[in-house]
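Novice: Below you'll find entry21.cif; it's mmCIF, C-alpha atoms.
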data_entry
#
loop_
_atom_site.group_PDB
_atom_site.id
_atom_site.type_symbol
_atom_site.label_atom_id
_atom_site.label_comp_id
_atom_site.auth_asym_id
_atom_site.auth_seq_id
_atom_site.Cartn_x
_atom_site.Cartn_y
_atom_site.Cartn_z
ATOM 1 C CA MET E 1 92.305 91.418 97.696
ATOM 2 C CA PRO E 2 94.296 94.067 99.582
ATOM 3 C CA HIS E 3 97.141 92.351 101.446
ATOM 4 C CA PHE E 4 99.319 94.204 103.958
ATOM 5 C CA SER E 5 102.702 93.078 105.258
ATOM 6 C CA ALA E 6 103.792 95.195 108.217
ATOM 7 C CA ARG E 7 107.280 94.935 109.678
ATOM 8 C CA ILE E 8 107.402 96.561 113.094
ATOM 9 C CA GLN E 9 109.962 96.558 115.903
ATOM 10 C CA GLU E 10 109.057 93.560 118.050
ATOM 11 C CA LYS E 11 109.215 95.590 121.271
ATOM 12 C CA ALA E 12 106.372 97.801 119.972
ATOM 13 C CA LEU E 13 104.027 94.835 119.476
ATOM 14 C CA ASP E 14 101.764 93.558 122.246
ATOM 15 C CA GLU E 15 98.215 92.325 122.818
ATOM 16 C CA ALA E 16 96.899 95.871 122.324
ATOM 17 C CA THR E 17 98.966 97.139 119.397
ATOM 18 C CA VAL E 18 98.660 94.096 117.100
ATOM 19 C CA PRO E 19 94.836 94.101 116.906
ATOM 20 C CA ALA E 20 94.853 97.914 116.747
ATOM 21 C CA LEU E 21 97.288 97.819 113.822
ATOM 22 C CA ILE E 22 95.258 95.190 111.966
ATOM 23 C CA GLY E 23 92.098 97.246 112.451
ATOM 24 C CA GLU E 24 93.656 100.582 111.492
ATOM 25 C CA LEU E 25 95.342 99.250 108.344
ATOM 26 C CA THR E 26 92.059 97.657 107.287
ATOM 27 C CA GLU E 27 90.255 100.956 107.850
ATOM 28 C CA ALA E 28 92.949 102.762 105.843
ATOM 29 C CA VAL E 29 92.165 100.739 102.716
ATOM 30 C CA VAL E 30 88.410 101.037 103.395
ATOM 31 C CA SER E 31 88.755 104.841 103.629
ATOM 32 C CA VAL E 32 90.029 104.897 100.041
ATOM 33 C CA PHE E 33 88.084 102.073 98.350
ATOM 34 C CA GLY E 34 84.946 101.692 100.451
ATOM 35 C CA ASP E 35 83.335 98.967 102.534
ATOM 36 C CA TRP E 36 83.813 96.199 99.938
ATOM 37 C CA ALA E 37 87.501 96.123 100.931
ATOM 38 C CA ARG E 38 86.941 95.363 104.639
ATOM 39 C CA PRO E 39 86.059 91.634 104.474
ATOM 40 C CA VAL E 40 88.820 90.874 101.950
ATOM 41 C CA ALA E 41 91.658 92.904 103.515
ATOM 42 C CA ALA E 42 94.438 90.736 104.932
ATOM 43 C CA VAL E 43 97.134 91.945 107.333
ATOM 44 C CA ASP E 44 100.328 90.108 108.284
ATOM 45 C CA VAL E 45 102.284 91.613 111.188
ATOM 46 C CA PHE E 46 105.953 90.699 111.508
ATOM 47 C CA GLY E 47 107.994 91.615 114.569
ATOM 48 C CA VAL E 48 111.580 92.651 113.865
ATOM 49 C CA PRO E 49 113.930 91.726 116.748
ATOM 50 C CA GLU E 50 116.010 94.407 118.481
ATOM 51 C CA GLY E 51 119.088 95.298 116.438
ATOM 52 C CA ARG E 52 117.706 93.933 113.176
ATOM 53 C CA LEU E 53 116.175 97.132 111.850
ATOM 54 C CA GLY E 54 118.396 99.742 110.270
ATOM 55 C CA VAL E 55 117.848 103.258 108.988
ATOM 56 C CA GLY E 56 120.515 105.243 107.180
ATOM 57 C CA GLY E 57 122.957 102.355 107.249
ATOM 58 C CA LEU E 58 122.838 101.905 111.019
ATOM 59 C CA PRO E 59 120.803 99.729 113.377
ATOM 60 C CA THR E 60 118.121 101.739 115.141
ATOM 61 C CA GLY E 61 116.154 101.222 118.322
ATOM 62 C CA GLU E 62 113.426 103.554 117.092
ATOM 63 C CA ASN E 63 110.248 102.147 115.632
ATOM 64 C CA ALA E 64 110.471 102.755 111.882
ATOM 65 C CA PRO E 65 107.555 100.742 110.448
ATOM 66 C CA PHE E 66 107.750 99.350 106.927
ATOM 67 C CA VAL E 67 104.376 98.506 105.387
ATOM 68 C CA THR E 68 103.778 97.001 101.974
ATOM 69 C CA LEU E 69 100.294 96.848 100.459
ATOM 70 C CA HIS E 70 99.792 94.456 97.551
ATOM 71 C CA MET E 71 96.589 94.794 95.562
ATOM 72 C CA ARG E 72 95.276 94.610 92.037
ATOM 73 C CA GLU E 73 97.013 97.102 89.781
ATOM 74 C CA GLY E 74 93.711 98.065 88.163
ATOM 75 C CA ALA E 75 92.272 99.189 91.499
ATOM 76 C CA LEU E 76 95.124 101.650 91.903
ATOM 77 C CA ARG E 77 94.191 103.285 88.574
ATOM 78 C CA HIS E 78 90.410 102.941 88.787
ATOM 79 C CA PRO E 79 88.726 106.102 87.439
ATOM 80 C CA GLU E 80 86.261 106.218 90.342
ATOM 81 C CA VAL E 81 89.082 106.329 92.912
ATOM 82 C CA GLU E 82 91.203 109.411 92.265
ATOM 83 C CA ASN E 83 94.806 109.466 93.466
ATOM 84 C CA ALA E 84 94.476 106.046 95.094
ATOM 85 C CA PRO E 85 98.211 105.491 95.757
ATOM 86 C CA ALA E 86 98.718 108.896 97.398
ATOM 87 C CA ARG E 87 95.542 108.515 99.447
ATOM 88 C CA LEU E 88 96.580 105.026 100.563
ATOM 89 C CA ILE E 89 100.052 106.191 101.590
ATOM 90 C CA ALA E 90 98.548 109.023 103.651
ATOM 91 C CA ALA E 91 95.903 106.778 105.260
ATOM 92 C CA ILE E 92 98.411 104.017 106.080
ATOM 93 C CA THR E 93 100.868 106.504 107.582
ATOM 94 C CA GLU E 94 98.052 107.991 109.667
ATOM 95 C CA ALA E 95 97.091 104.488 110.858
ATOM 96 C CA LEU E 96 100.677 103.799 111.962
ATOM 97 C CA ALA E 97 100.867 107.117 113.816
ATOM 98 C CA LYS E 98 97.562 106.389 115.542
ATOM 99 C CA VAL E 99 98.792 103.021 116.825
ATOM 100 C CA PHE E 100 102.480 103.758 117.513
ATOM 101 C CA GLY E 101 102.677 107.556 117.841
ATOM 102 C CA GLU E 102 103.580 110.481 115.619
ATOM 103 C CA GLN E 103 107.304 109.691 115.545
ATOM 104 C CA ALA E 104 106.641 106.227 114.119
ATOM 105 C CA GLY E 105 104.380 107.831 111.532
ATOM 106 C CA ARG E 106 107.142 110.233 110.496
ATOM 107 C CA ARG E 107 109.622 107.353 110.135
ATOM 108 C CA ALA E 108 107.194 105.023 108.355
ATOM 109 C CA VAL E 109 107.951 103.675 104.898
ATOM 110 C CA VAL E 110 104.888 102.693 102.863
ATOM 111 C CA GLU E 111 105.134 100.782 99.615
ATOM 112 C CA ILE E 112 102.155 100.179 97.324
ATOM 113 C CA VAL E 113 102.596 97.244 94.920
ATOM 114 C CA GLY E 114 100.159 96.789 92.048
ATOM 115 C CA VAL E 115 99.644 93.162 91.013
ATOM 116 C CA PRO E 116 98.876 92.850 87.272
ATOM 117 C CA ALA E 117 95.702 91.041 86.207
ATOM 118 C CA GLY E 118 96.213 87.293 85.959
ATOM 119 C CA ARG E 119 99.131 87.262 88.393
ATOM 120 C CA SER E 120 97.345 86.362 91.601
ATOM 121 C CA GLY E 121 95.156 83.509 92.698
ATOM 122 C CA VAL E 122 92.992 82.113 95.462
ATOM 123 C CA GLY E 123 92.688 78.408 96.201
ATOM 124 C CA GLY E 124 94.834 77.523 93.207
ATOM 125 C CA GLU E 125 92.733 79.512 90.742
ATOM 126 C CA VAL E 126 93.899 82.637 88.927
ATOM 127 C CA VAL E 127 91.689 85.588 89.827
#
For this file, write the structure as structure tokens.

Specialist:
Amino acid sequence: MPHFSARIQEKALDEATVPALIGELTEAVVSVFGDWARPVAAVDVFGVPEGRLGVGGLPTGENAPFVTLHMREGALRHPEVENAPARLIAAITEALAKVFGEQAGRRAVVEIVGVPAGRSGVGGEVV
């Protein structure tokens, strides 16, 4: 199951940007892996209060999104999906720029974390 955690400056989040971000991040993973990923994609959006986001060792008022995508390690190396990590990073960055503007896209940090088989579960069961 693809699971996004997005940390965004709180002042950039509102009733329009949160659903847009959830939709665009979901479409980013779908653009790489196909429609099967849509119903199982999960997105958590966390607002970072003013003064609690730093870049280059200093607090910044600019929106510098940090997005982590956790998913099965095997999916990231699947032979039918070439260059999955690079494609995901590009698609996620594009999604952030679409929602928050080009500057946020340029400042975005995207991290792809592969979860080894047997190290995740749903409803108490290893999957």

Novice: Once the PyMOL selection byres ((chain E and resi 99) around 12) has been evaluated on this model, what residues remain selected, and can you format them as a CSV table (one decimal) with C-alpha atoms, in the frame of the given file?

Specialist:
chain,number,residue,atom,x,y,z
E,8,ILE,CA,107.4,96.6,113.1
E,12,ALA,CA,106.4,97.8,120.0
E,13,LEU,CA,104.0,94.8,119.5
E,14,ASP,CA,101.8,93.6,122.2
E,16,ALA,CA,96.9,95.9,122.3
E,17,THR,CA,99.0,97.1,119.4
E,18,VAL,CA,98.7,94.1,117.1
E,19,PRO,CA,94.8,94.1,116.9
E,20,ALA,CA,94.9,97.9,116.7
E,21,LEU,CA,97.3,97.8,113.8
E,22,ILE,CA,95.3,95.2,112.0
E,23,GLY,CA,92.1,97.2,112.5
E,24,GLU,CA,93.7,100.6,111.5
E,25,LEU,CA,95.3,99.2,108.3
E,63,ASN,CA,110.2,102.1,115.6
E,65,PRO,CA,107.6,100.7,110.4
E,92,ILE,CA,98.4,104.0,106.1
E,93,THR,CA,100.9,106.5,107.6
E,94,GLU,CA,98.1,108.0,109.7
E,95,ALA,CA,97.1,104.5,110.9
E,96,LEU,CA,100.7,103.8,112.0
E,97,ALA,CA,100.9,107.1,113.8
E,98,LYS,CA,97.6,106.4,115.5
E,100,PHE,CA,102.5,103.8,117.5
E,101,GLY,CA,102.7,107.6,117.8
E,102,GLU,CA,103.6,110.5,115.6
E,103,GLN,CA,107.3,109.7,115.5
E,104,ALA,CA,106.6,106.2,114.1
E,105,GLY,CA,104.4,107.8,111.5

Novice: Please return the centre and edge lengths, in Å to one decimal, of a box with edges along x, y and z that contains all listed atoms of segment 62-68 of chain E, widened by 3 Å on every side, as AutoDock Vina command-line options.

Specialist:
--center_x 108.6 --center_y 100.3 --center_z 109.5 --size_x 15.6 --size_y 12.6 --size_z 21.1

Novice: Nearest residue to Arg77 of chain E out of E:Val30, E:Gly54, E:Glu10, E:Gly114, using only C-alpha atoms?

Specialist: E:Gly114

Novice: Between E:Pro116, E:Val67, E:Arg106, E:Glu62, which is the closest to Glu50 of chain E once you count all atoms listed in the file?

Specialist: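 Closest residue, counting all atoms listed in the file: E:Glu62.
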
Novice: My list of candidates is E:Ala84, E:Ala42, E:Val126, E:Val55. Which is closest to Ile112 of chain E when distances are computed with only C-alpha atoms?

Specialist: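 Of E:Ala84, E:Ala42, E:Val126, E:Val55, the one nearest Ile112 of chain E is E:Ala84, counting only C-alpha atoms.
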
Novice: Grab the atom CA of Asp44 of chain E to atom CA of Thr60 of chain E distance for me, in Å with one decimal place.

Specialist: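 Here the two named atoms are 22.3 Å from each other.
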
Novice: Tell me which of E:Ile89, E:Val122, E:Met71, E:Val113 sits closest to Ala37 of chain E, counting only C-alpha atoms.

Specialist: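 Checking each of E:Ile89, E:Val122, E:Met71, E:Val113 against Ala37 of chain E, counting only C-alpha atoms, the winner is E:Met71.
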